[in-house]
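Scroll down for the structure; my scribbles are underneath it.
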Amino acid sequence: MRISNSLALSTALLLANVLTAEAQTPPTAPGSAVQGPSYALQCRTEFNDATSGGAHQPAIADVDLRAKIPNYDALGFRMTGGGCEQYFGDVSGLTSGYVVRNAPIGDASWSCNISDQPGWPNQPDGGPRYRARAHAIACRVVKSPTPIGATTEATTLNGLDGTQRIVARDGIGFLKRIQQDLRLCNVKGPKLLARWNFAATEPPLPSWTVSDKEIAPGECIDMATPSAAMVQNQSNGASTVRWQWYRKGELNEGEMSKTSAAAPPAPAPEAKSYDCTDLSKVEQANNKNYSRKCPIKLEGIGNYRVCFPLDYVTRSDGDTTWALSLMDTVVEPSLVGRSVAGAYDPRWNAVVGGACRDYYNIRFLAALVGPVIPAVPWDAKKVLAVKASIEKLP
């Protein structure tokens, strides 16, 4: 048995101001109309279960939306309805009872009380037990964010190798925030760890701290003006990652949402080939990780989406890939002539075939190829060129 109530007036009030404002928006000129913003009603349903503690004891389930939804008030949510049902699940010995309360408590909670039917005899042992399930509905009116540029998808490598896959970063030292908001989604595959606002392992360091969140398949995480973002596999299997940039201030930091249907991303531009050469003697003297460099030509300082095709390497022996740990991209010229600072220093970004990354405010880009001392089958001199597609970003 399920009983639900709704607070239709609350929903109407949520929409009233928005609709009134749009209706009062004047045209800019005779015969023309203003294109108003797009709004949507976003709702969430939260549940809570309770089982009576003993014979003839009521089952009281309350749902507190402020406890269930972080930043409930700041995000503009309002309770619009709720309900009560008897829920048996896999618990044996439960009895159908009487709904004695199915009502809101305050402005953000709903209460459900299942108890004895009127006139039920008071049996000291073996009396009825109940389970109640309450639900509450919270809604808010949201303005659809304004996308910037095209949506992009990439696939993480298959396997739990702990390697961080860069999605986006600012140009120098992670000391500036990208002046756009980012929505990062795990479209399908295993769960991922999303990390953002991380920094290099050496000073100077930014004033903000790193954030991280696991995102399950079908979930998205919003990042407000991140300085950098990456994903990391949390279990075996490859995941498809999608991201989209939006205007600054239109996404709420750390807010989770469900992935939505989207048109397939536009394919990356055709990849070009960029020749590789040995490091100079000066560069090699202080670089114990790499022996060759492959400068990738950019059109001056700017924002770029860099994508590597599956066959991202041209080799003298005909193969088209290279060891993941032996090829990184860097955007700081000074890093060409030094060794890697640490295993997880994000200034060095592993080259992954079939994946893209977004670089903001850069003027230099190069792929570095190792090892320094050849070890079968890895001889850096075999790498003649790398392939990459370069696309300007807003």
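In the structure tokens, chains take the letters A, B, ... in the order shown, each chain's residues start at 1, and ligands count up from 1 in the order shown.
Residues within 7 Å of stretch 164-181 of chain A, counting only C-alpha atoms and excluding same-chain residues fewer than 6 positions away, are Ala199, Ala200, Leu205, Pro206, Met223, Ala224, Thr225, Pro226, Ser227, Ala228, Ala229, Met230, Val231, Gln232, Trp245, Tyr246, Arg247, Lys248, Gly249, Leu251, Val331, Glu332, Asn349, Arg357, Asp358, Tyr359, Tyr360, Asn361 and Ile362 of chain A.
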Selected residues written out, C-alpha atoms, as a compact mmCIF listing (two decimals), in the first residue's frame:
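Everything below was put into again32.txt:
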```
# COMPACT_ATOMS: atom_id res chain seq x y z
CA ALA A 199 49.30 21.22 -8.18
CA ALA A 200 52.91 20.41 -9.01
CA LEU A 205 52.20 26.20 -5.03
CA PRO A 206 48.69 27.67 -5.36
CA MET A 223 33.99 21.97 -11.17
CA ALA A 224 33.94 25.76 -10.80
CA THR A 225 36.92 27.35 -12.58
CA PRO A 226 39.34 24.48 -11.93
CA SER A 227 43.07 24.94 -12.37
CA ALA A 228 43.33 21.36 -13.62
CA ALA A 229 41.32 18.13 -13.82
CA MET A 230 42.15 14.46 -14.23
CA VAL A 231 40.63 11.00 -13.93
CA GLN A 232 42.05 7.80 -12.51
CA TRP A 245 33.02 23.61 -20.58
CA TYR A 246 30.50 26.27 -19.49
CA ARG A 247 30.50 29.94 -18.68
CA LYS A 248 32.15 30.89 -15.42
CA GLY A 249 29.71 30.95 -12.49
CA LEU A 251 27.98 25.44 -12.35
CA VAL A 331 54.00 22.73 -21.75
CA GLU A 332 56.97 24.39 -20.02
CA ASN A 349 51.28 14.19 -18.83
CA ARG A 357 43.37 16.88 -23.17
CA ASP A 358 42.65 20.62 -22.95
CA TYR A 359 45.51 23.05 -22.31
CA TYR A 360 44.80 26.66 -21.37
CA ASN A 361 47.15 29.62 -21.70
CA ILE A 362 50.07 27.77 -23.28
```
For this session: Would you kindly return, as a VMD selection string, each protein, DNA or RNA residue with an atom no farther than 12 Å from any atom of A:Val351, considering only C-alpha atoms and excluding same-chain residues fewer than 6 positions away?
Result: chain A and resid 156 to 157 163 to 167 306 to 313 321 to 330 357 366 to 369 386 to 388
For this session: From the DSSP assignment of the backbone, select every residue of stretch 107-327 of chain A that is strand (DSSP E or B), and format the answer as number ranges by chain.
Result: A: 109-115, 131-143, 147-155, 164-170, 180-188, 192-196, 211-215, 219-223, 228-233, 240-247, 256-258, 272-275, 277-278, 292-295, 302-308, 313-315, 327
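Contact shell of A:Gly97 at 7 Å (only C-alpha atoms; same-chain neighbours under 3 positions omitted): Ile114, Ser115, Asp116, Gln117 and Tyr130 of chain A.
These are the residues of stretch 137-336 of chain A assigned helix (DSSP H, G or I) by DSSP from backbone coordinates: A:Lys281, A:Val282, A:Glu283, A:Gln284, A:Ala285, A:Leu324, A:Ser325, A:Leu326, A:Pro333, A:Ser334, A:Leu335, A:Val336.
For the set A:Ser207, A:Ser316, A:Gln244, A:Asn289, the residue with the smallest atom-to-atom gap to A:Gly370 is A:Asn289, counting only C-alpha atoms.
A straight line drawn from atom CA of A:Glu255 to atom CA of A:Trp110 is 23.7 Å long.
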Distance table requested - stretch 143-260 of chain A against stretch 40-45 of chain A, cut-off 12 Å, only C-alpha atoms: one row per qualifying residue with the closest atom pair and its distance in Å to one decimal, ordered by chain and rising residue number, as JSON lines.
```
{"residue": "A:Lys143", "atom": "CA", "partner": "A:Ala40", "partner_atom": "CA", "distance": 6.5}
{"residue": "A:Ser144", "atom": "CA", "partner": "A:Ala40", "partner_atom": "CA", "distance": 7.0}
{"residue": "A:Pro145", "atom": "CA", "partner": "A:Ala40", "partner_atom": "CA", "distance": 10.7}
{"residue": "A:Met256", "atom": "CA", "partner": "A:Arg44", "partner_atom": "CA", "distance": 11.8}
{"residue": "A:Ser257", "atom": "CA", "partner": "A:Gln42", "partner_atom": "CA", "distance": 10.3}
{"residue": "A:Lys258", "atom": "CA", "partner": "A:Arg44", "partner_atom": "CA", "distance": 11.2}
```
Dump as an mmCIF file, in the first residue's frame, selection limited to N, CA and C atoms:
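Result file is again.cif:
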```cif
data_model
loop_
_atom_site.group_PDB
_atom_site.id
_atom_site.type_symbol
_atom_site.label_atom_id
_atom_site.label_comp_id
_atom_site.auth_asym_id
_atom_site.auth_seq_id
_atom_site.Cartn_x
_atom_site.Cartn_y
_atom_site.Cartn_z
ATOM 1 N N LYS A 143 18.646 27.259 -14.282
ATOM 2 C CA LYS A 143 18.935 27.837 -15.585
ATOM 3 C C LYS A 143 19.928 26.943 -16.300
ATOM 4 N N SER A 144 19.619 26.557 -17.502
ATOM 5 C CA SER A 144 20.520 25.690 -18.248
ATOM 6 C C SER A 144 21.831 26.423 -18.497
ATOM 7 N N PRO A 145 22.973 25.828 -18.150
ATOM 8 C CA PRO A 145 24.253 26.504 -18.349
ATOM 9 C C PRO A 145 24.561 26.679 -19.827
ATOM 10 N N MET A 256 26.835 16.977 -8.039
ATOM 11 C CA MET A 256 26.718 15.757 -8.835
ATOM 12 C C MET A 256 25.420 15.786 -9.638
ATOM 13 N N SER A 257 25.439 15.156 -10.790
ATOM 14 C CA SER A 257 24.240 15.034 -11.619
ATOM 15 C C SER A 257 24.354 13.752 -12.428
ATOM 16 N N LYS A 258 23.280 13.410 -13.108
ATOM 17 C CA LYS A 258 23.258 12.241 -13.980
ATOM 18 C C LYS A 258 23.618 12.645 -15.399
#
```
For this session: Pick out the residues sitting within 12 Å of A:Pro104, and hand them over as a ChimeraX atom specification; count only C-alpha atoms, and ignore anything fewer than 2 positions along from it in its own chain.
Result: /A:4-7,61-65,79-84,101-102,106-113,134-137
File of the preceding selection, N, CA and C atoms, as a tab-separated table (two decimals), in the first residue's frame:
```
chain	number	residue	atom	x	y	z
A	4	SER	N	0.63	8.82	-1.45
A	4	SER	CA	1.50	9.95	-1.75
A	4	SER	C	0.70	11.23	-1.73
A	5	ASN	N	1.32	12.29	-1.29
A	5	ASN	CA	0.76	13.62	-1.34
A	5	ASN	C	1.68	14.50	-2.16
A	6	SER	N	1.17	15.57	-2.68
A	6	SER	CA	2.01	16.51	-3.39
A	6	SER	C	1.69	17.92	-2.95
A	7	LEU	N	2.66	18.79	-3.07
A	7	LEU	CA	2.48	20.19	-2.73
A	7	LEU	C	2.56	20.98	-4.03
A	61	ALA	N	9.30	6.42	9.77
A	61	ALA	CA	10.37	6.79	8.83
A	61	ALA	C	10.23	8.26	8.49
A	62	ASP	N	11.29	9.01	8.71
A	62	ASP	CA	11.31	10.44	8.37
A	62	ASP	C	12.40	10.70	7.34
A	63	VAL	N	12.13	11.55	6.39
A	63	VAL	CA	13.11	11.97	5.39
A	63	VAL	C	13.42	13.44	5.61
A	64	ASP	N	14.67	13.74	5.92
A	64	ASP	CA	15.11	15.12	6.09
A	64	ASP	C	15.90	15.52	4.85
A	65	LEU	N	15.29	16.35	4.00
A	65	LEU	CA	15.94	16.70	2.74
A	65	LEU	C	17.21	17.51	2.95
A	79	MET	N	10.89	21.58	-0.94
A	79	MET	CA	10.12	20.34	-0.90
A	79	MET	C	8.79	20.57	-1.62
A	80	THR	N	8.47	19.68	-2.56
A	80	THR	CA	7.24	19.82	-3.34
A	80	THR	C	6.26	18.67	-3.10
A	81	GLY	N	6.64	17.70	-2.32
A	81	GLY	CA	5.73	16.59	-2.07
A	81	GLY	C	6.40	15.46	-1.34
A	82	GLY	N	5.64	14.43	-1.07
A	82	GLY	CA	6.19	13.27	-0.39
A	82	GLY	C	5.14	12.19	-0.27
A	83	GLY	N	5.48	11.11	0.40
A	83	GLY	CA	4.52	10.03	0.53
A	83	GLY	C	4.98	8.97	1.51
A	84	CYS	N	4.10	7.99	1.73
A	84	CYS	CA	4.33	6.95	2.72
A	84	CYS	C	3.85	5.63	2.13
A	101	ARG	N	0.30	8.46	10.04
A	101	ARG	CA	0.82	9.78	9.66
A	101	ARG	C	1.47	9.70	8.30
A	102	ASN	N	1.12	10.62	7.44
A	102	ASN	CA	1.69	10.77	6.10
A	102	ASN	C	1.64	12.26	5.79
A	106	GLY	N	7.62	20.52	8.99
A	106	GLY	CA	8.36	21.70	8.60
A	106	GLY	C	8.37	21.87	7.09
A	107	ASP	N	9.42	22.52	6.58
A	107	ASP	CA	9.46	22.82	5.15
A	107	ASP	C	10.41	21.93	4.36
A	108	ALA	N	11.07	20.95	5.04
A	108	ALA	CA	12.03	20.14	4.30
A	108	ALA	C	12.08	18.69	4.79
A	109	SER	N	11.04	18.22	5.45
A	109	SER	CA	11.01	16.83	5.94
A	109	SER	C	9.63	16.23	5.71
A	110	TRP	N	9.62	14.91	5.53
A	110	TRP	CA	8.36	14.17	5.38
A	110	TRP	C	8.39	13.00	6.35
A	111	SER	N	7.23	12.74	6.98
A	111	SER	CA	7.15	11.68	8.00
A	111	SER	C	6.11	10.65	7.63
A	112	CYS	N	6.46	9.39	7.89
A	112	CYS	CA	5.57	8.26	7.62
A	112	CYS	C	5.53	7.39	8.87
A	113	ASN	N	4.32	7.10	9.35
A	113	ASN	CA	4.14	6.30	10.58
A	113	ASN	C	3.17	5.18	10.28
A	134	ALA	N	9.32	6.20	3.77
A	134	ALA	CA	8.91	7.57	3.46
A	134	ALA	C	9.73	8.09	2.30
A	135	HIS	N	9.12	8.92	1.49
A	135	HIS	CA	9.87	9.60	0.45
A	135	HIS	C	9.48	11.07	0.42
A	136	ALA	N	10.43	11.89	0.03
A	136	ALA	CA	10.19	13.32	-0.09
A	136	ALA	C	10.78	13.79	-1.41
A	137	ILE	N	10.09	14.72	-2.04
A	137	ILE	CA	10.49	15.23	-3.35
A	137	ILE	C	10.97	16.66	-3.19
```
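For the choices A:Thr240, A:Asn303, A:Asn71, A:Thr201, the atom-to-atom distance to A:Ala154 is smallest for A:Thr240 when using only C-alpha atoms.
Of the listed residues A:Glu202, A:Tyr290, A:Ala385, A:Ala355, the one whose atoms come nearest to A:Gly342 is A:Glu202, with distances taken using only C-alpha atoms.
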Problem set entry | Spatial neighbours of A:Ile373, max dist 12 Å, only C-alpha atoms, sep filter under 2 positions, as a ChimeraX atom specification | /A:284,287-292,326,369-371,375-381
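Of the residues under consideration (A:Thr152, A:Asn186, A:Ser38, A:Thr209), A:Thr152 shows the shortest atom-to-atom contact distance to A:Arg305 when counting only C-alpha atoms.
With distances taken over only C-alpha atoms, A:Trp196 is the one residue among A:Trp196, A:Trp348, A:Tyr98, A:Tyr39 lying closest to A:Lys213.
Interatomic distance, atom CA of A:Thr259 against atom CA of A:Val241: 10.7 Å.
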For this session: Could you please determine the separation between atom CA of A:Glu46 and atom CA of A:Ala138 in Å, to one decimal place?
Result: 8.1 Å
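Residue nearest A:Pro70 within the list A:Glu253, A:Glu219, A:Asp49, A:Glu270: A:Glu253 [criterion: smallest interatomic distance, only C-alpha atoms].
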